[in-house]
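Undergrad: File query-v8.cif follows (mmCIF, C-alpha atoms):
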```
data_work
loop_
_atom_site.label_atom_id
_atom_site.label_comp_id
_atom_site.auth_asym_id
_atom_site.auth_seq_id
_atom_site.Cartn_x
_atom_site.Cartn_y
_atom_site.Cartn_z
CA MET A 141 1.69 -20.44 13.32
CA ASN A 142 -1.53 -19.15 14.89
CA GLU A 143 -5.33 -19.43 14.71
CA THR A 144 -5.40 -17.95 11.19
CA HIS A 145 -3.93 -21.20 9.83
CA ASP A 146 -6.67 -23.42 11.26
CA PRO A 147 -7.88 -25.54 8.30
CA HIS A 148 -11.33 -25.81 9.90
CA LEU A 149 -12.04 -22.08 9.89
CA GLU A 150 -15.36 -21.27 8.24
CA CYS A 151 -16.05 -17.96 6.52
CA TRP A 152 -19.33 -16.21 5.78
CA VAL A 153 -18.13 -15.39 2.24
CA ARG A 154 -19.41 -18.50 0.51
CA SER A 155 -17.01 -18.46 -2.44
CA ALA A 156 -14.11 -18.76 0.01
CA HIS A 157 -15.16 -22.40 0.51
CA ALA A 158 -15.03 -23.35 -3.18
CA ALA A 159 -12.74 -26.30 -3.79
CA ASP A 160 -10.83 -24.47 -6.52
CA THR A 161 -10.47 -21.08 -4.82
CA ASP A 162 -7.01 -19.58 -4.41
CA PHE A 163 -8.24 -17.35 -1.63
CA PRO A 164 -9.74 -19.16 1.37
CA ILE A 165 -9.86 -17.45 4.75
CA GLN A 166 -6.45 -18.97 5.55
CA ASN A 167 -4.80 -16.92 2.75
CA LEU A 168 -5.99 -13.27 2.79
CA PRO A 169 -3.42 -11.70 0.44
CA PHE A 170 -3.20 -7.94 -0.02
CA GLY A 171 -3.60 -6.08 -3.30
CA ILE A 172 -4.57 -2.68 -4.71
CA PHE A 173 -7.98 -2.24 -6.37
CA ARG A 174 -10.85 0.05 -7.18
CA ARG A 175 -14.36 -0.68 -8.35
CA SER A 176 -14.59 -0.66 -12.15
CA HIS A 177 -16.24 2.38 -13.75
CA SER A 178 -16.09 4.32 -10.47
CA ASP A 179 -14.35 7.47 -9.30
CA ASP A 180 -12.86 5.64 -6.32
CA GLU A 181 -9.20 6.13 -5.55
CA PRO A 182 -7.17 2.89 -5.67
CA ARG A 183 -6.68 1.42 -2.21
CA ALA A 184 -5.66 -1.79 -0.50
CA GLY A 185 -7.99 -4.76 -0.36
CA VAL A 186 -7.84 -8.38 0.70
CA ALA A 187 -8.80 -11.28 -1.58
CA ILE A 188 -11.40 -13.64 -0.11
CA GLY A 189 -12.98 -16.20 -2.43
CA ASP A 190 -14.09 -14.34 -5.55
CA GLN A 191 -14.48 -11.07 -3.63
CA ILE A 192 -12.24 -8.22 -2.50
CA LEU A 193 -12.60 -7.00 1.07
CA ASP A 194 -12.28 -3.23 1.47
CA VAL A 195 -10.28 -2.92 4.68
CA THR A 196 -10.95 0.80 5.05
CA THR A 197 -14.71 0.24 5.27
CA TRP A 198 -14.28 -1.93 8.35
CA LEU A 199 -11.80 0.54 9.80
CA SER A 200 -14.37 3.33 9.51
CA GLU A 201 -16.82 1.11 11.39
CA GLY A 202 -14.39 0.95 14.30
CA LEU A 203 -13.86 -2.78 13.96
CA PHE A 204 -10.07 -2.70 14.38
CA ASP A 205 -8.01 -1.43 17.28
CA GLY A 206 -4.37 -1.19 18.32
CA ALA A 207 -1.76 -2.41 15.83
CA ALA A 208 -4.48 -3.77 13.55
CA ALA A 209 -6.08 -0.33 13.29
CA GLU A 210 -2.74 1.30 12.56
CA ALA A 211 -2.10 -1.23 9.78
CA ALA A 212 -5.64 -0.87 8.42
CA ALA A 213 -5.19 2.90 8.17
CA ARG A 214 -2.31 2.30 5.72
CA CYS A 215 -4.75 0.42 3.47
CA ALA A 216 -6.34 3.68 2.34
CA LEU A 217 -3.25 4.39 0.23
CA PRO A 218 -2.73 3.41 -3.46
CA THR A 219 0.22 1.09 -2.75
CA LEU A 220 1.06 -1.44 -0.05
CA ASN A 221 4.40 0.18 0.78
CA ALA A 222 3.25 2.00 3.91
CA LEU A 223 1.65 -1.17 5.27
CA MET A 224 4.77 -3.20 4.46
CA ALA A 225 7.01 -0.66 6.18
CA LEU A 226 5.25 -1.32 9.50
CA GLY A 227 6.73 -4.80 9.56
CA ASN A 228 5.34 -8.31 9.64
CA GLU A 229 3.98 -8.09 13.19
CA ALA A 230 1.64 -5.25 12.26
CA ALA A 231 0.46 -7.10 9.14
CA SER A 232 -0.12 -10.15 11.31
CA SER A 233 -2.27 -8.15 13.72
CA LEU A 234 -4.40 -6.88 10.84
CA ARG A 235 -4.66 -10.36 9.35
CA ARG A 236 -5.85 -11.82 12.66
CA GLY A 237 -8.38 -9.01 12.95
CA ILE A 238 -9.73 -9.71 9.46
CA VAL A 239 -10.02 -13.42 10.22
CA GLY A 240 -11.98 -12.58 13.35
CA LEU A 241 -14.46 -10.56 11.29
CA LEU A 242 -14.74 -13.03 8.42
CA ARG A 243 -15.17 -16.23 10.39
CA SER A 244 -18.73 -17.47 10.64
CA ASP A 245 -18.80 -17.22 14.42
CA GLY A 246 -17.41 -13.66 14.53
CA ILE A 247 -19.04 -10.23 14.66
CA GLY A 248 -18.66 -9.90 10.89
CA TYR A 249 -21.18 -12.69 10.45
CA GLU A 250 -23.63 -11.05 12.82
CA ASN A 251 -23.42 -7.82 10.84
CA PHE A 252 -23.28 -9.43 7.40
CA LYS A 253 -26.47 -7.86 6.06
CA ARG A 254 -25.27 -4.40 7.01
CA LEU A 255 -21.59 -4.73 6.08
CA GLY A 256 -21.58 -7.27 3.28
CA ASP A 257 -22.42 -5.04 0.33
CA ALA A 258 -20.38 -2.15 1.67
CA CYS A 259 -17.14 -4.04 2.28
CA LEU A 260 -17.08 -6.59 -0.56
CA THR A 261 -16.43 -6.00 -4.26
CA PRO A 262 -16.63 -8.89 -6.77
CA MET A 263 -13.25 -9.44 -8.41
CA LYS A 264 -14.99 -9.40 -11.79
CA GLY A 265 -16.16 -5.87 -10.99
CA ALA A 266 -12.78 -4.51 -9.90
CA GLN A 267 -9.71 -3.07 -11.55
CA LEU A 268 -6.47 -4.38 -10.09
CA TYR A 269 -3.20 -2.46 -9.95
CA ALA A 270 0.43 -3.29 -9.29
CA PRO A 271 0.31 -3.87 -5.55
CA VAL A 272 3.62 -2.25 -4.63
CA GLN A 273 5.61 0.78 -5.72
CA ILE A 274 8.82 -1.05 -6.62
CA GLY A 275 11.92 1.08 -6.25
CA ASP A 276 14.48 -1.57 -7.18
CA TYR A 277 14.24 -4.98 -8.81
CA THR A 278 16.87 -7.72 -8.70
CA ASP A 279 16.54 -10.99 -10.56
CA PHE A 280 18.42 -14.07 -9.39
CA TYR A 281 19.40 -17.36 -11.02
CA ALA A 282 18.61 -19.70 -8.13
CA SER A 283 17.63 -22.93 -9.94
CA VAL A 284 20.60 -25.23 -10.46
CA TYR A 285 18.56 -27.23 -12.99
CA HIS A 286 17.76 -24.12 -15.04
CA ALA A 287 21.36 -22.91 -14.85
CA THR A 288 22.69 -26.31 -15.89
CA ASN A 289 20.23 -26.67 -18.79
CA VAL A 290 20.97 -23.21 -20.16
CA GLY A 291 24.69 -23.70 -19.68
CA SER A 292 24.52 -26.99 -21.56
CA MET A 293 23.10 -25.21 -24.61
CA PHE A 294 25.74 -22.49 -24.76
CA ARG A 295 28.73 -24.12 -22.99
CA PRO A 296 28.31 -27.90 -23.36
CA ASP A 297 31.81 -28.58 -22.04
CA ASN A 298 31.38 -26.33 -19.00
CA PRO A 299 27.65 -25.80 -18.35
CA LEU A 300 27.82 -24.62 -14.75
CA LEU A 301 30.40 -21.97 -13.91
CA PRO A 302 32.48 -22.65 -10.78
CA ASN A 303 31.08 -19.74 -8.75
CA TYR A 304 27.46 -20.90 -9.06
CA LYS A 305 27.47 -23.23 -6.04
CA PHE A 306 29.14 -20.64 -3.81
CA VAL A 307 27.35 -17.39 -4.58
CA PRO A 308 23.71 -16.56 -5.48
CA ILE A 309 23.97 -15.11 -8.98
CA GLY A 310 21.78 -12.13 -9.88
CA TYR A 311 21.53 -8.93 -11.86
CA HIS A 312 19.80 -5.60 -11.32
CA GLY A 313 16.64 -5.37 -13.44
CA ARG A 314 14.42 -2.50 -14.50
CA ALA A 315 11.69 -1.49 -12.02
CA SER A 316 9.93 0.97 -14.35
CA SER A 317 8.81 -1.77 -16.76
CA ILE A 318 7.26 -4.04 -14.14
CA VAL A 319 3.55 -4.38 -14.93
CA VAL A 320 0.59 -6.03 -13.27
CA SER A 321 -0.95 -9.25 -14.60
CA GLY A 322 -3.23 -8.68 -17.59
CA THR A 323 -1.04 -6.01 -19.16
CA ASP A 324 -0.23 -6.70 -22.83
CA ILE A 325 3.43 -7.21 -23.71
CA VAL A 326 4.77 -5.56 -26.87
CA ARG A 327 7.32 -7.71 -28.67
CA PRO A 328 10.71 -6.02 -28.18
CA SER A 329 13.28 -5.18 -30.80
CA GLY A 330 17.04 -5.17 -30.49
CA GLN A 331 20.33 -6.27 -31.95
CA THR A 332 20.78 -9.93 -32.80
CA LYS A 333 23.50 -11.84 -34.56
CA ASP A 334 23.28 -15.37 -35.92
CA SER A 335 26.22 -17.63 -36.57
CA LYS A 336 26.02 -17.10 -40.35
CA SER A 337 26.32 -13.33 -40.22
CA GLU A 338 29.43 -11.26 -39.80
CA THR A 339 27.61 -8.29 -38.29
CA PRO A 340 24.50 -7.91 -36.13
CA SER A 341 21.15 -6.63 -37.33
CA PHE A 342 18.34 -4.74 -35.61
CA GLY A 343 14.76 -5.97 -35.56
CA SER A 344 12.01 -7.73 -33.63
CA THR A 345 13.03 -10.63 -31.45
CA ARG A 346 12.29 -14.03 -32.96
CA MET A 347 12.95 -15.86 -29.70
CA LEU A 348 10.55 -14.28 -27.19
CA ASP A 349 10.27 -16.35 -24.02
CA TYR A 350 8.73 -16.34 -20.55
CA GLU A 351 10.35 -17.26 -17.25
CA SER A 352 8.25 -18.63 -14.39
CA GLU A 353 9.52 -17.18 -11.10
CA LEU A 354 8.63 -16.40 -7.51
CA GLY A 355 8.78 -12.76 -6.44
CA ILE A 356 9.96 -11.81 -2.95
CA PHE A 357 8.89 -8.42 -1.56
CA VAL A 358 11.06 -6.60 0.98
CA GLY A 359 9.09 -5.28 3.93
CA ARG A 360 11.35 -3.42 6.31
CA GLY A 361 14.63 -2.46 4.71
CA ASN A 362 18.12 -1.96 6.10
CA SER A 363 20.37 1.08 6.39
CA LEU A 364 23.17 1.64 3.93
CA GLY A 365 26.24 -0.24 5.16
CA ALA A 366 24.24 -2.50 7.53
CA PRO A 367 24.00 -6.11 6.28
CA ILE A 368 21.14 -8.46 7.15
CA SER A 369 22.00 -11.79 8.79
CA ILE A 370 20.54 -15.04 7.52
CA GLN A 371 18.77 -15.41 10.89
CA ARG A 372 17.02 -12.03 10.51
CA ALA A 373 16.29 -12.26 6.78
CA PRO A 374 12.75 -13.69 7.18
CA ASP A 375 11.77 -10.63 9.23
CA HIS A 376 12.54 -8.46 6.18
CA ILE A 377 10.39 -10.50 3.75
CA PHE A 378 6.82 -9.18 3.73
CA GLY A 379 5.42 -11.59 1.17
CA PHE A 380 5.48 -13.20 -2.24
CA CYS A 381 3.98 -12.97 -5.73
CA LEU A 382 4.36 -14.66 -9.12
CA VAL A 383 6.76 -13.16 -11.65
CA ASN A 384 7.06 -13.60 -15.41
CA ASP A 385 10.47 -12.33 -16.45
CA TRP A 386 9.83 -11.95 -20.18
CA SER A 387 13.04 -12.56 -22.14
CA ALA A 388 14.25 -12.07 -25.72
CA ARG A 389 16.68 -14.96 -26.08
CA ASP A 390 18.29 -13.94 -29.37
CA ILE A 391 18.95 -10.40 -28.10
CA GLN A 392 20.22 -11.89 -24.84
CA ALA A 393 22.67 -14.24 -26.59
CA TRP A 394 24.34 -11.33 -28.42
CA GLU A 395 24.45 -8.74 -25.64
CA TYR A 396 24.90 -10.58 -22.35
CA GLN A 397 28.69 -10.87 -22.48
CA PRO A 398 30.59 -9.29 -20.81
CA LEU A 399 28.18 -7.48 -18.46
CA GLY A 400 25.03 -9.59 -18.44
CA PRO A 401 21.35 -9.04 -19.38
CA PHE A 402 20.21 -5.64 -20.64
CA LEU A 403 17.64 -4.97 -23.40
CA ALA A 404 16.74 -8.67 -23.55
CA LYS A 405 15.15 -8.34 -20.12
CA ASN A 406 14.23 -4.74 -19.35
CA PHE A 407 11.26 -4.34 -21.72
CA ALA A 408 8.68 -5.98 -19.40
CA THR A 409 8.27 -8.05 -16.24
CA SER A 410 4.79 -9.16 -15.14
CA VAL A 411 3.74 -9.63 -11.50
CA SER A 412 0.57 -11.11 -10.05
CA PRO A 413 -1.69 -8.57 -8.29
CA TRP A 414 -1.89 -10.27 -4.89
CA VAL A 415 0.88 -10.33 -2.27
CA ILE A 416 0.77 -13.55 -0.25
CA THR A 417 2.07 -12.68 3.21
CA SER A 418 4.92 -14.51 4.87
CA GLU A 419 2.51 -15.47 7.64
CA ALA A 420 0.10 -17.14 5.21
CA ILE A 421 3.03 -19.17 3.83
CA GLU A 422 4.07 -20.42 7.28
CA PRO A 423 2.34 -23.86 7.13
CA PHE A 424 4.15 -24.58 3.89
CA ARG A 425 7.72 -23.94 5.00
CA ALA A 426 9.99 -26.75 3.86
CA PRO A 427 13.62 -27.84 4.16
CA ALA A 428 16.12 -26.19 1.86
CA PHE A 429 17.34 -28.03 -1.24
CA VAL A 430 19.47 -31.02 -0.27
CA ARG A 431 22.79 -30.50 -2.00
CA PRO A 432 24.72 -33.48 -3.36
CA ALA A 433 27.52 -34.64 -1.08
CA ALA A 434 30.13 -33.40 -3.56
CA ASP A 435 28.77 -29.84 -3.50
CA PRO A 436 30.25 -27.22 -1.17
CA THR A 437 28.29 -26.18 1.88
CA PRO A 438 27.16 -22.54 1.87
CA LEU A 439 29.60 -20.07 3.37
CA SER A 440 28.82 -19.30 7.01
CA TYR A 441 26.97 -16.01 6.33
CA LEU A 442 24.53 -17.95 4.09
CA ASP A 443 24.02 -20.86 6.47
CA ALA A 444 21.76 -21.29 9.50
CA PRO A 445 19.95 -24.30 11.00
CA THR A 446 16.56 -22.60 10.70
CA ASP A 447 17.11 -21.90 7.00
CA ARG A 448 18.22 -25.46 6.36
CA GLU A 449 15.15 -26.79 8.19
CA LYS A 450 12.45 -24.49 6.77
CA GLY A 451 14.01 -22.00 4.39
CA SER A 452 12.18 -23.24 1.31
CA ILE A 453 8.46 -23.32 0.47
CA GLN A 454 6.21 -26.18 -0.60
CA LEU A 455 5.03 -24.20 -3.60
CA PHE A 456 4.01 -25.49 -7.03
CA LEU A 457 3.99 -23.38 -10.19
CA GLU A 458 2.25 -24.02 -13.50
CA VAL A 459 2.59 -22.35 -16.89
CA TRP A 460 -0.34 -22.31 -19.33
CA LEU A 461 -0.48 -21.01 -22.90
CA GLN A 462 -3.35 -20.04 -25.19
CA SER A 463 -2.62 -19.02 -28.76
CA GLY A 464 -4.76 -16.67 -30.83
CA MET A 465 -6.02 -19.62 -32.86
CA MET A 466 -6.97 -21.45 -29.68
CA ARG A 467 -9.02 -18.44 -28.55
CA GLU A 468 -10.77 -18.27 -31.93
CA GLN A 469 -11.71 -21.93 -31.63
CA ASN A 470 -12.70 -21.63 -27.95
CA ILE A 471 -9.95 -24.04 -26.92
CA PRO A 472 -8.83 -23.37 -23.34
CA ALA A 473 -5.21 -22.74 -22.43
CA THR A 474 -2.97 -25.79 -22.33
CA LYS A 475 -0.56 -26.56 -19.49
CA LEU A 476 3.09 -26.49 -20.53
CA SER A 477 4.83 -27.29 -17.25
CA ARG A 478 4.50 -27.80 -13.51
CA THR A 479 7.42 -27.38 -11.17
CA ALA A 480 8.16 -27.08 -7.47
CA PHE A 481 9.99 -24.30 -5.67
CA GLY A 482 11.67 -26.90 -3.45
CA SER A 483 14.11 -27.66 -6.26
CA MET A 484 15.74 -24.21 -5.96
CA TYR A 485 19.42 -24.24 -4.98
CA TRP A 486 19.15 -21.05 -2.92
CA THR A 487 16.41 -20.06 -0.44
CA PRO A 488 14.65 -16.65 -0.29
CA ALA A 489 16.52 -15.81 2.92
CA GLN A 490 19.86 -16.60 1.29
CA LEU A 491 19.01 -14.37 -1.67
CA LEU A 492 18.09 -11.45 0.56
CA THR A 493 21.05 -11.92 2.90
CA HIS A 494 23.53 -12.11 0.03
CA HIS A 495 21.99 -9.03 -1.60
CA ALA A 496 22.58 -6.97 1.55
CA SER A 497 25.85 -8.64 2.59
CA ASN A 498 27.98 -5.86 1.08
CA GLY A 499 25.94 -3.19 2.85
CA CYS A 500 23.48 -2.63 0.00
CA ASN A 501 20.41 -0.89 1.41
CA LEU A 502 17.24 -2.77 0.51
CA ARG A 503 14.11 -0.63 0.76
CA THR A 504 10.45 -1.31 1.45
CA GLY A 505 8.84 -2.52 -1.77
CA ASP A 506 12.00 -3.79 -3.42
CA LEU A 507 11.37 -6.93 -5.47
CA LEU A 508 13.69 -9.93 -5.67
CA GLY A 509 12.98 -12.45 -8.44
CA SER A 510 13.99 -16.05 -7.80
CA GLY A 511 15.02 -16.71 -11.38
CA THR A 512 13.39 -19.37 -13.54
CA ILE A 513 12.03 -22.21 -11.41
CA SER A 514 12.91 -25.47 -13.13
CA GLY A 515 13.15 -29.03 -11.88
CA GLU A 516 14.99 -32.14 -12.93
CA SER A 517 12.49 -33.53 -15.47
CA LYS A 518 11.46 -32.02 -18.81
CA THR A 519 7.90 -31.35 -17.59
CA GLU A 520 9.38 -29.18 -14.83
CA ARG A 521 11.16 -26.69 -17.06
CA GLY A 522 10.04 -23.12 -16.41
CA CYS A 523 10.72 -21.49 -19.80
CA LEU A 524 10.49 -22.28 -23.51
CA LEU A 525 14.26 -22.08 -23.95
CA GLU A 526 14.47 -25.24 -21.85
CA LEU A 527 11.18 -26.87 -22.88
CA THR A 528 12.00 -26.70 -26.60
CA TRP A 529 15.76 -26.96 -26.04
CA LYS A 530 16.50 -23.68 -27.80
CA GLY A 531 13.83 -24.42 -30.43
CA ALA A 532 15.15 -27.83 -31.49
CA GLU A 533 12.21 -29.71 -29.89
CA PRO A 534 9.06 -27.65 -30.62
CA LEU A 535 5.89 -28.02 -28.57
CA LEU A 536 2.66 -29.11 -30.25
CA LEU A 537 -0.48 -27.16 -29.29
CA PRO A 538 -4.04 -28.61 -29.44
CA THR A 539 -4.64 -26.75 -32.73
CA GLY A 540 -1.66 -28.45 -34.39
CA GLU A 541 0.42 -25.29 -34.10
CA GLU A 542 4.07 -25.63 -33.11
CA ARG A 543 5.83 -23.41 -30.63
CA ARG A 544 9.58 -22.98 -30.35
CA PHE A 545 9.18 -19.51 -28.86
CA LEU A 546 6.24 -17.18 -28.33
CA GLU A 547 4.24 -15.83 -31.28
CA ASP A 548 2.13 -12.67 -31.44
CA GLY A 549 -1.29 -13.32 -29.92
CA ASP A 550 0.01 -15.92 -27.45
CA GLU A 551 -1.17 -15.46 -23.89
CA VAL A 552 0.97 -16.88 -21.09
CA ILE A 553 -0.72 -17.56 -17.74
CA MET A 554 1.22 -18.55 -14.64
CA ARG A 555 -0.41 -20.01 -11.55
CA GLY A 556 1.01 -20.96 -8.19
CA TYR A 557 -0.30 -22.62 -5.05
CA CYS A 558 0.88 -24.03 -1.74
CA GLU A 559 -0.50 -27.39 -0.73
CA ARG A 560 0.18 -29.71 2.19
CA GLU A 561 -1.87 -32.39 3.90
CA GLY A 562 -3.60 -31.08 7.00
CA TYR A 563 -3.78 -27.45 5.83
CA ALA A 564 -6.00 -25.41 3.53
CA ARG A 565 -4.59 -24.99 0.03
CA ILE A 566 -3.75 -21.37 -0.78
CA GLY A 567 -3.08 -19.89 -4.22
CA PHE A 568 -1.42 -16.86 -5.75
CA GLY A 569 -3.96 -16.03 -8.47
CA ASP A 570 -2.96 -15.63 -12.12
CA CYS A 571 0.01 -13.83 -13.60
CA GLY A 572 -0.83 -13.39 -17.29
CA GLY A 573 0.08 -11.36 -20.32
CA MET A 574 -0.59 -11.42 -24.08
CA VAL A 575 2.08 -10.81 -26.72
CA LEU A 576 1.40 -7.96 -29.16
CA PRO A 577 3.35 -7.20 -32.36
CA SER A 578 6.43 -5.02 -32.08
CA LYS A 579 6.31 -1.31 -32.84
CA GLU A 580 8.54 0.36 -35.42
CA ILE A 581 11.07 2.94 -34.39
#
```
How does the structure come out when it is put into structure tokens?

TA:
Amino acid sequence: MNETHDPHLECWVRSAHAADTDFPIQNLPFGIFRRSHSDDEPRAGVAIGDQILDVTTWLSEGLFDGAAAEAAARCALPTLNALMALGNEAASSLRRGIVGLLRSDGIGYENFKRLGDACLTPMKGAQLYAPVQIGDYTDFYASVYHATNVGSMFRPDNPLLPNYKFVPIGYHGRASSIVVSGTDIVRPSGQTKDSKSETPSFGSTRMLDYESELGIFVGRGNSLGAPISIQRAPDHIFGFCLVNDWSARDIQAWEYQPLGPFLAKNFATSVSPWVITSEAIEPFRAPAFVRPAADPTPLSYLDAPTDREKGSIQLFLEVWLQSGMMREQNIPATKLSRTAFGSMYWTPAQLLTHHASNGCNLRTGDLLGSGTISGESKTERGCLLELTWKGAEPLLLPTGEERRFLEDGDEVIMRGYCEREGYARIGFGDCGGMVLPSKEI
């Protein structure tokens, strides 16, 4: 850790001191924005309080030098990929430079009247974009509680397959349908087959679900044929975001055997607009999940003392839902669940290392999804499939409506934050999307 993690840092952007802000000076996540109703080209900015800092404005003022200036120059582009490709040390240099300008005792404070309006854009007056050009997307299945719950529904006599505790399970998703938070989600259609029918039928999914996940962005990649060791894996992780892996459970149940998810998953995946850097996460590193004594230890390529000691993250995720009726009656979204990333069976470094262990070349901007983050108790279940136990135990909303799965007009909002005594709380912002009716073929 370094001076950017000091919980006593004060910033001249007043909203960065609000008790409920996700973006204090200790966070400084990167995203892509432009001012609403302007002809500006999208470019990289940094979230601070309820404002967005335009890095390129400060660069043009000559306020960065060395590695920080090189990194800041990449912020003029419409994606974060070029910045991420420089590696975590360059991003750290830029982050330290920004802290130096934002802190109340820095030169940014002295020049506030001149630079304030030029470098800050209110978030309410900005359009946010997907922060990264994602070339490849892989979704994992890293929660043993989620895997066990789902397995219990479909294979009650054998809920957890024998390979689960040896190998991180994942599948290759669809990068082209990844959308930024706030994008509406059209209800997908596909083949489904219920137990009473002899043949499948085609139509809109009746079991639309969300999955609350953590996204892991690859910074520097690896060459084809060159694996990444568990010790070096953190150097390849640029940062994190929230992910909603929208899922059509009835389509999934019919199609997923023998080759796994396909149309049930590839219609949409939502990501939050801000990338929380690995450096900002550093105070919240936590020990990896403590496996029961009867469980196998990870194979040697997935095991390292540093990963056991601080491979996980003290991160909490919440899922909120607001139905169309709730909006009409001005009833705010209701919280469905709260879970902790510390319950995940596999760490981010293990996911990345396993992905590249066969020589697969990960590239800058690739996204790894953690899989649904669920805990041991019912209130910690990260999807409706678990919360309603496949629809058998519907949820009751404040309007009296029941929810087994998502209905048209429902808006799902995911929120995440890292919190630990002695450090400033940092958040991820919202990852939201509203369900629209399906479209006919």

Undergrad: With all atoms listed in the file as the counted atoms, please give the residues lying no more than 7 Å from range 284-301 of chain A, apart from itself and same-chain residues fewer than 3 positions off, as a VMD selection string.

TA: chain A and resid 304 484 to 485 512 514 to 516 526

Undergrad: Quick check, in Å to one decimal: how far apart do CA of Gly531 in chain A and CA of Arg555 in chain A lie?

TA: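 Taking CA of Gly531 in chain A as the start and CA of Arg555 in chain A as the end point, the length is 24.1 Å.
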
Undergrad: Just the residues within 6 Å of Ile192 in chain A, please, counting all atoms listed in the file, with nothing from its chain fewer than 6 positions along; format it as a count of residues only.

TA: 4

Undergrad: I need the residue set behind the PyMOL selection byres ((chain A and resi 381) around 7) for this file; please write it as a ChimeraX atom specification.

TA: /A:354-356,380,382-383,411-412,414-416,568

Undergrad: Interatomic distance between CA of Thr161 in chain A and CA of Pro147 in chain A?

TA: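 Answer for the CA of Thr161 in chain A to CA of Pro147 in chain A separation: 14.1 Å.
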
Undergrad: CA of Gln469 in chain A and CA of Pro538 in chain A are how many Å apart?

TA: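 The value is 10.4 Å.
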
Undergrad: Leaving out Leu234 in chain A and any residue of its chain fewer than 2 positions from it, which residues lie within 8 Å of it when counting only C-alpha atoms, given as a ChimeraX atom specification?

TA: /A:204,207-209,211-212,230-232,236-238

Undergrad: From the options A:Leu527, A:Ala282, A:Val272, A:Leu241, which residue's atoms come nearest to Ala315 in chain A, counting all atoms listed in the file?

TA: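 Using all atoms listed in the file, the shortest distance to Ala315 in chain A belongs to A:Val272.
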
Undergrad: Got a sec to resolve the PyMOL selection byres ((chain A and resi 308) around 8) on this structure and send the residues as an NGL selection string?

TA: :A and (280-282 or 304-307 or 309-310 or 486 or 490-491 or 494)

Undergrad: Counting only C-alpha atoms, find the residues whose atoms lie at most 10 Å from (-2.2, -19.5, 10.3) (file coordinates) and write them out as a list of chain:residue names.

TA: A:Met141, A:Asn142, A:Glu143, A:Thr144, A:His145, A:Asp146, A:Pro147, A:Ile165, A:Gln166, A:Asn167, A:Ser232, A:Arg235, A:Arg236, A:Val239, A:Glu419, A:Ala420, A:Ile421, A:Glu422, A:Pro423, A:Tyr563, A:Ala564

Undergrad: Just the selected residues (C-alpha atoms), exported as a PDB file, keeping the file's coordinate frame, please.

TA:
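part-v3.pdb was written with the following content:
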```pdb
ATOM      1  CA  MET A 141       1.690 -20.440  13.320  1.00  0.00           C
ATOM      2  CA  ASN A 142      -1.530 -19.150  14.890  1.00  0.00           C
ATOM      3  CA  GLU A 143      -5.330 -19.430  14.710  1.00  0.00           C
ATOM      4  CA  THR A 144      -5.400 -17.950  11.190  1.00  0.00           C
ATOM      5  CA  HIS A 145      -3.930 -21.200   9.830  1.00  0.00           C
ATOM      6  CA  ASP A 146      -6.670 -23.420  11.260  1.00  0.00           C
ATOM      7  CA  PRO A 147      -7.880 -25.540   8.300  1.00  0.00           C
ATOM      8  CA  ILE A 165      -9.860 -17.450   4.750  1.00  0.00           C
ATOM      9  CA  GLN A 166      -6.450 -18.970   5.550  1.00  0.00           C
ATOM     10  CA  ASN A 167      -4.800 -16.920   2.750  1.00  0.00           C
ATOM     11  CA  SER A 232      -0.120 -10.150  11.310  1.00  0.00           C
ATOM     12  CA  ARG A 235      -4.660 -10.360   9.350  1.00  0.00           C
ATOM     13  CA  ARG A 236      -5.850 -11.820  12.660  1.00  0.00           C
ATOM     14  CA  VAL A 239     -10.020 -13.420  10.220  1.00  0.00           C
ATOM     15  CA  GLU A 419       2.510 -15.470   7.640  1.00  0.00           C
ATOM     16  CA  ALA A 420       0.100 -17.140   5.210  1.00  0.00           C
ATOM     17  CA  ILE A 421       3.030 -19.170   3.830  1.00  0.00           C
ATOM     18  CA  GLU A 422       4.070 -20.420   7.280  1.00  0.00           C
ATOM     19  CA  PRO A 423       2.340 -23.860   7.130  1.00  0.00           C
ATOM     20  CA  TYR A 563      -3.780 -27.450   5.830  1.00  0.00           C
ATOM     21  CA  ALA A 564      -6.000 -25.410   3.530  1.00  0.00           C
TER      22      ALA A 564
END
```

Undergrad: Would you translate the PyMOL selection byres ((chain A and resi 573-579) around 9) into the concrete set of residues it matches in this file, as JSON, numbers by chain?

TA: {"A": [320, 321, 322, 323, 324, 325, 326, 327, 328, 329, 344, 345, 384, 410, 546, 547, 548, 549, 550, 551, 552, 553, 571, 572, 580, 581]}

Undergrad: Report as a CSV table (one decimal) with C-alpha atoms, keeping the file's coordinate frame all protein, DNA and RNA residues lying within 10 Å of Leu193 in chain A, evaluated on all atoms listed in the file, omitting residues in the same chain fewer than 4 positions from it.

TA:
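This is the output file selection03.csv:
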```
chain,number,residue,atom,x,y,z
A,168,LEU,CA,-6.0,-13.3,2.8
A,170,PHE,CA,-3.2,-7.9,0.0
A,173,PHE,CA,-8.0,-2.2,-6.4
A,184,ALA,CA,-5.7,-1.8,-0.5
A,185,GLY,CA,-8.0,-4.8,-0.4
A,186,VAL,CA,-7.8,-8.4,0.7
A,187,ALA,CA,-8.8,-11.3,-1.6
A,188,ILE,CA,-11.4,-13.6,-0.1
A,189,GLY,CA,-13.0,-16.2,-2.4
A,197,THR,CA,-14.7,0.2,5.3
A,198,TRP,CA,-14.3,-1.9,8.4
A,238,ILE,CA,-9.7,-9.7,9.5
A,242,LEU,CA,-14.7,-13.0,8.4
A,256,GLY,CA,-21.6,-7.3,3.3
A,258,ALA,CA,-20.4,-2.2,1.7
A,259,CYS,CA,-17.1,-4.0,2.3
A,260,LEU,CA,-17.1,-6.6,-0.6
A,261,THR,CA,-16.4,-6.0,-4.3
A,262,PRO,CA,-16.6,-8.9,-6.8
A,263,MET,CA,-13.2,-9.4,-8.4
```
